[in-house]
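For reference, the structure discussed in these notes is given below.
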Amino acid sequence: CKNAALNLEIPGNNILWYTMPTGGVGSNKKPTINTSQLGTIRYWVSQTVNGCESPRSEVVIAINDIPQPPIVSNITLCQNSATNPLSATGSNLLWYSTQNSNDGKTVAPNPSTKDVGDFSFWVSQTTNGCESLRAEIKVTVLPTHLSNTLFDITICDDETKTLDAGPGFAAYEWNANPPTFSRYLKVSKLGDYQVNLTNANGCIVSQSVKVTAGITPVIEEIISGDHFIEVNVSGGNPPYFYSLDLNNWQGSNRFDHLKAGIYTVYVKSKTNSCTAVAQAQVIFIPNTI
């Protein structure tokens, strides 16, 4: 190859070099070849054994130009997306992990998208036995992120809730029927729901949320007395929350300092949305002594 070092070692005894196939005077010194000049150079060599010189063999030295690097294109991928092996336009490609490494492989690498950032790969091509300089392929992995407002939820009979995919995305697509292109999706049926979230980089990530049936606790007994109500509950998913107005909830099953009257008692489990409802009367017994 052009400008490459050339080794003219010829096996044999008492080698003589000639510039022509016949005649002339042989030299026992190897010729100096200028590899900066492209083209074909011919020499003839003989060996001498026991004082007898052999016929001459032709040595053809072809100095070929170094090919141009293969044609490549940088690529952009999304984090955690599926990838294909890298490609380049050229002949007899060799792939390298760095610009100067000696780990050339004929099989193109498949870039990882696990980490975000810029990653480089190098590739060369070989023609006429000469390897080109290496071309760099830059692989840019763009970030993706999931919604931090989507969680599995429970719903009760005839209840409708709204799934919120959260702000910060360029586009939304729910797998509803028909598809819903909104941040929000109202659901009243149990099942798995999926939304495709497109960020500002154009990267899409799919996120799923489960809608399951809530379990309603059972109000077994309400004990009411002088200025208090005490509620005993079973079933559902403890711990329970208790309320008299659906706005103020408490962890204690006893309400004190109540005025005489009829109260509606609400009980729900911490881990689902279904609320049990019952009524109780608070009595007041005056001290007649």
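Naming works like this for the structure tokens: A, B, ... for the chains as they're shown, residue 1 at the start of each chain, ligands 1 onward in shown order.
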Could you give me, as a tab-separated table (two decimals) with N, CA, C and O atoms, in the first residue's frame, the residues within 12 Å of A:Ala171, counting only C-alpha atoms and dropping anything in the same chain fewer than 5 positions from it?
chain	number	residue	atom	x	y	z
A	165	ALA	N	-51.76	11.65	32.94
A	165	ALA	CA	-50.39	11.32	32.52
A	165	ALA	C	-49.39	12.41	32.89
A	165	ALA	O	-48.18	12.23	32.70
A	166	GLY	N	-49.87	13.54	33.39
A	166	GLY	CA	-48.96	14.56	33.88
A	166	GLY	C	-48.47	15.52	32.81
A	166	GLY	O	-48.58	15.26	31.61
A	180	THR	N	-57.29	8.24	22.44
A	180	THR	CA	-57.46	9.56	23.06
A	180	THR	C	-56.12	10.27	23.09
A	180	THR	O	-55.14	9.76	23.64
A	181	PHE	N	-56.08	11.45	22.49
A	181	PHE	CA	-54.83	12.22	22.40
A	181	PHE	C	-54.89	13.37	23.40
A	181	PHE	O	-55.00	14.53	23.03
A	182	SER	N	-54.82	13.01	24.64
A	182	SER	CA	-54.96	13.98	25.71
A	182	SER	C	-54.14	13.54	26.91
A	182	SER	O	-53.82	12.35	27.05
A	183	ARG	N	-53.82	14.49	27.76
A	183	ARG	CA	-53.14	14.16	29.01
A	183	ARG	C	-54.02	13.33	29.92
A	183	ARG	O	-53.53	12.52	30.70
A	184	TYR	N	-55.34	13.50	29.81
A	184	TYR	CA	-56.28	12.87	30.73
A	184	TYR	C	-57.09	11.79	30.02
A	184	TYR	O	-57.38	11.89	28.82
A	195	VAL	N	-50.49	4.37	27.68
A	195	VAL	CA	-50.37	5.67	27.03
A	195	VAL	C	-48.97	5.79	26.44
A	195	VAL	O	-47.98	5.40	27.08
A	196	ASN	N	-48.89	6.30	25.21
A	196	ASN	CA	-47.60	6.61	24.58
A	196	ASN	C	-47.29	8.08	24.86
A	196	ASN	O	-48.07	8.97	24.51
A	197	LEU	N	-46.13	8.31	25.49
A	197	LEU	CA	-45.73	9.65	25.88
A	197	LEU	C	-44.59	10.10	25.00
A	197	LEU	O	-43.54	9.45	24.93
A	198	THR	N	-44.78	11.22	24.31
A	198	THR	CA	-43.75	11.78	23.42
A	198	THR	C	-43.15	13.01	24.09
A	198	THR	O	-43.87	13.96	24.41
A	199	ASN	N	-41.81	12.98	24.29
A	199	ASN	CA	-41.19	14.14	24.93
A	199	ASN	C	-40.73	15.16	23.88
A	199	ASN	O	-40.96	14.99	22.68
A	200	ALA	N	-40.07	16.21	24.35
A	200	ALA	CA	-39.68	17.30	23.45
A	200	ALA	C	-38.66	16.86	22.41
A	200	ALA	O	-38.53	17.48	21.36
A	201	ASN	N	-37.92	15.78	22.68
A	201	ASN	CA	-36.94	15.26	21.72
A	201	ASN	C	-37.58	14.39	20.65
A	201	ASN	O	-36.89	13.92	19.74
A	202	GLY	N	-38.87	14.14	20.77
A	202	GLY	CA	-39.54	13.26	19.83
A	202	GLY	C	-39.46	11.80	20.22
A	202	GLY	O	-39.88	10.93	19.46
A	203	CYS	N	-38.89	11.51	21.39
A	203	CYS	CA	-38.78	10.12	21.85
A	203	CYS	C	-40.09	9.69	22.50
A	203	CYS	O	-40.71	10.45	23.26
A	204	ILE	N	-40.49	8.46	22.20
A	204	ILE	CA	-41.76	7.92	22.69
A	204	ILE	C	-41.49	6.78	23.65
A	204	ILE	O	-40.68	5.90	23.38
A	205	VAL	N	-42.19	6.82	24.78
A	205	VAL	CA	-42.11	5.73	25.75
A	205	VAL	C	-43.53	5.35	26.12
A	205	VAL	O	-44.42	6.20	26.21
A	206	SER	N	-43.76	4.05	26.29
A	206	SER	CA	-45.09	3.56	26.66
A	206	SER	C	-45.15	3.29	28.15
A	206	SER	O	-44.21	2.74	28.72
Skipping near chain neighbours, those fewer than 4 positions away, what residues fall within 7 Å of A:Leu94 using only C-alpha atoms, listed as a PyMOL selection string? chain A and resi 104-106+123-125
Grab the atom CA of A:Ser120 to atom CA of A:Asn3 distance for me, in Å with one decimal place. 28.0 Å
Can you work out which one of A:Val116, A:Val72, A:Leu150, A:Ile41 has the shortest atom-to-atom distance to A:Val209, counting only C-alpha atoms? A:Leu150
Which residues come within 9 Å of A:Tyr193, counting only C-alpha atoms, excluding same-chain residues fewer than 3 positions away, as a PyMOL selection string? chain A and resi 174-176+207-211
What does the file look like for those residues with all heavy atoms, as a short mmCIF file (atom, residue, chain, number, x, y, z; two decimals), in the first residue's frame?
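Everything below was put into out12.cif:
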data_model
loop_
_atom_site.label_atom_id
_atom_site.label_comp_id
_atom_site.auth_asym_id
_atom_site.auth_seq_id
_atom_site.Cartn_x
_atom_site.Cartn_y
_atom_site.Cartn_z
N TRP A 174 -53.52 7.60 24.26
CA TRP A 174 -54.04 6.49 25.05
C TRP A 174 -54.59 5.41 24.12
O TRP A 174 -55.16 5.71 23.08
CB TRP A 174 -55.16 6.97 25.97
CG TRP A 174 -54.71 7.90 27.07
CD1 TRP A 174 -54.66 9.25 27.03
CD2 TRP A 174 -54.25 7.51 28.36
NE1 TRP A 174 -54.21 9.75 28.22
CE2 TRP A 174 -53.95 8.70 29.07
CE3 TRP A 174 -54.07 6.29 29.01
CZ2 TRP A 174 -53.47 8.69 30.37
CZ3 TRP A 174 -53.61 6.28 30.31
CH2 TRP A 174 -53.31 7.47 30.98
N ASN A 175 -54.45 4.14 24.56
CA ASN A 175 -54.95 3.03 23.75
C ASN A 175 -56.43 2.79 23.99
O ASN A 175 -56.89 1.65 24.08
CB ASN A 175 -54.15 1.76 24.04
CG ASN A 175 -54.39 1.22 25.44
OD1 ASN A 175 -54.73 1.98 26.35
ND2 ASN A 175 -54.22 -0.08 25.63
N ALA A 176 -57.18 3.86 24.13
CA ALA A 176 -58.61 3.74 24.32
C ALA A 176 -59.29 3.51 22.97
O ALA A 176 -58.64 3.53 21.93
CB ALA A 176 -59.15 5.02 24.98
N GLN A 207 -46.26 3.67 28.75
CA GLN A 207 -46.45 3.44 30.18
C GLN A 207 -47.83 2.86 30.41
O GLN A 207 -48.81 3.29 29.79
CB GLN A 207 -46.28 4.75 30.94
CG GLN A 207 -46.27 4.58 32.46
CD GLN A 207 -45.84 5.86 33.17
OE1 GLN A 207 -45.36 6.80 32.54
NE2 GLN A 207 -46.00 5.90 34.48
N SER A 208 -47.90 1.88 31.30
CA SER A 208 -49.17 1.19 31.56
C SER A 208 -49.65 1.49 32.97
O SER A 208 -48.86 1.75 33.88
CB SER A 208 -49.01 -0.32 31.39
OG SER A 208 -48.68 -0.63 30.05
N VAL A 209 -50.96 1.43 33.14
CA VAL A 209 -51.57 1.61 34.45
C VAL A 209 -52.72 0.61 34.57
O VAL A 209 -53.41 0.32 33.59
CB VAL A 209 -52.05 3.07 34.64
CG1 VAL A 209 -53.11 3.43 33.63
CG2 VAL A 209 -52.56 3.29 36.05
N LYS A 210 -52.90 0.06 35.77
CA LYS A 210 -53.93 -0.94 36.01
C LYS A 210 -55.09 -0.31 36.75
O LYS A 210 -54.91 0.43 37.71
CB LYS A 210 -53.35 -2.05 36.88
CG LYS A 210 -53.30 -3.41 36.21
CD LYS A 210 -52.68 -4.43 37.16
CE LYS A 210 -51.74 -5.35 36.45
NZ LYS A 210 -52.36 -6.01 35.32
N VAL A 211 -56.30 -0.62 36.32
CA VAL A 211 -57.51 -0.20 37.01
C VAL A 211 -58.20 -1.45 37.52
O VAL A 211 -58.64 -2.30 36.73
CB VAL A 211 -58.45 0.60 36.08
CG1 VAL A 211 -59.72 0.99 36.81
CG2 VAL A 211 -57.74 1.85 35.56
#
Applying 12 Å and only C-alpha atoms, which residues near A:Gly117 remain after dropping the ones on its own chain fewer than 4 positions away? List them as a list in words. Thr76, Leu77, Cys78, Gln79, Pro111, Ser112, Thr113, Lys138, Val139, Thr140, Val141, Leu142, Pro143 and Thr144 of chain A
For the residues in the current selection, export C-alpha atoms as an mmCIF file, in the first residue's frame.
data_model
loop_
_atom_site.group_PDB
_atom_site.id
_atom_site.type_symbol
_atom_site.label_atom_id
_atom_site.label_comp_id
_atom_site.auth_asym_id
_atom_site.auth_seq_id
_atom_site.Cartn_x
_atom_site.Cartn_y
_atom_site.Cartn_z
ATOM 1 C CA THR A 76 -29.861 9.481 16.850
ATOM 2 C CA LEU A 77 -31.724 7.003 19.038
ATOM 3 C CA CYS A 78 -34.071 7.178 21.999
ATOM 4 C CA GLN A 79 -33.168 5.765 25.377
ATOM 5 C CA PRO A 111 -25.216 0.142 19.903
ATOM 6 C CA SER A 112 -26.744 0.124 23.367
ATOM 7 C CA THR A 113 -29.432 2.650 24.269
ATOM 8 C CA LYS A 138 -21.520 9.148 16.333
ATOM 9 C CA VAL A 139 -24.509 7.589 18.066
ATOM 10 C CA THR A 140 -26.539 10.041 20.133
ATOM 11 C CA VAL A 141 -28.931 8.530 22.685
ATOM 12 C CA LEU A 142 -31.659 10.978 23.734
ATOM 13 C CA PRO A 143 -33.370 10.734 27.132
ATOM 14 C CA THR A 144 -36.901 9.501 27.729
#
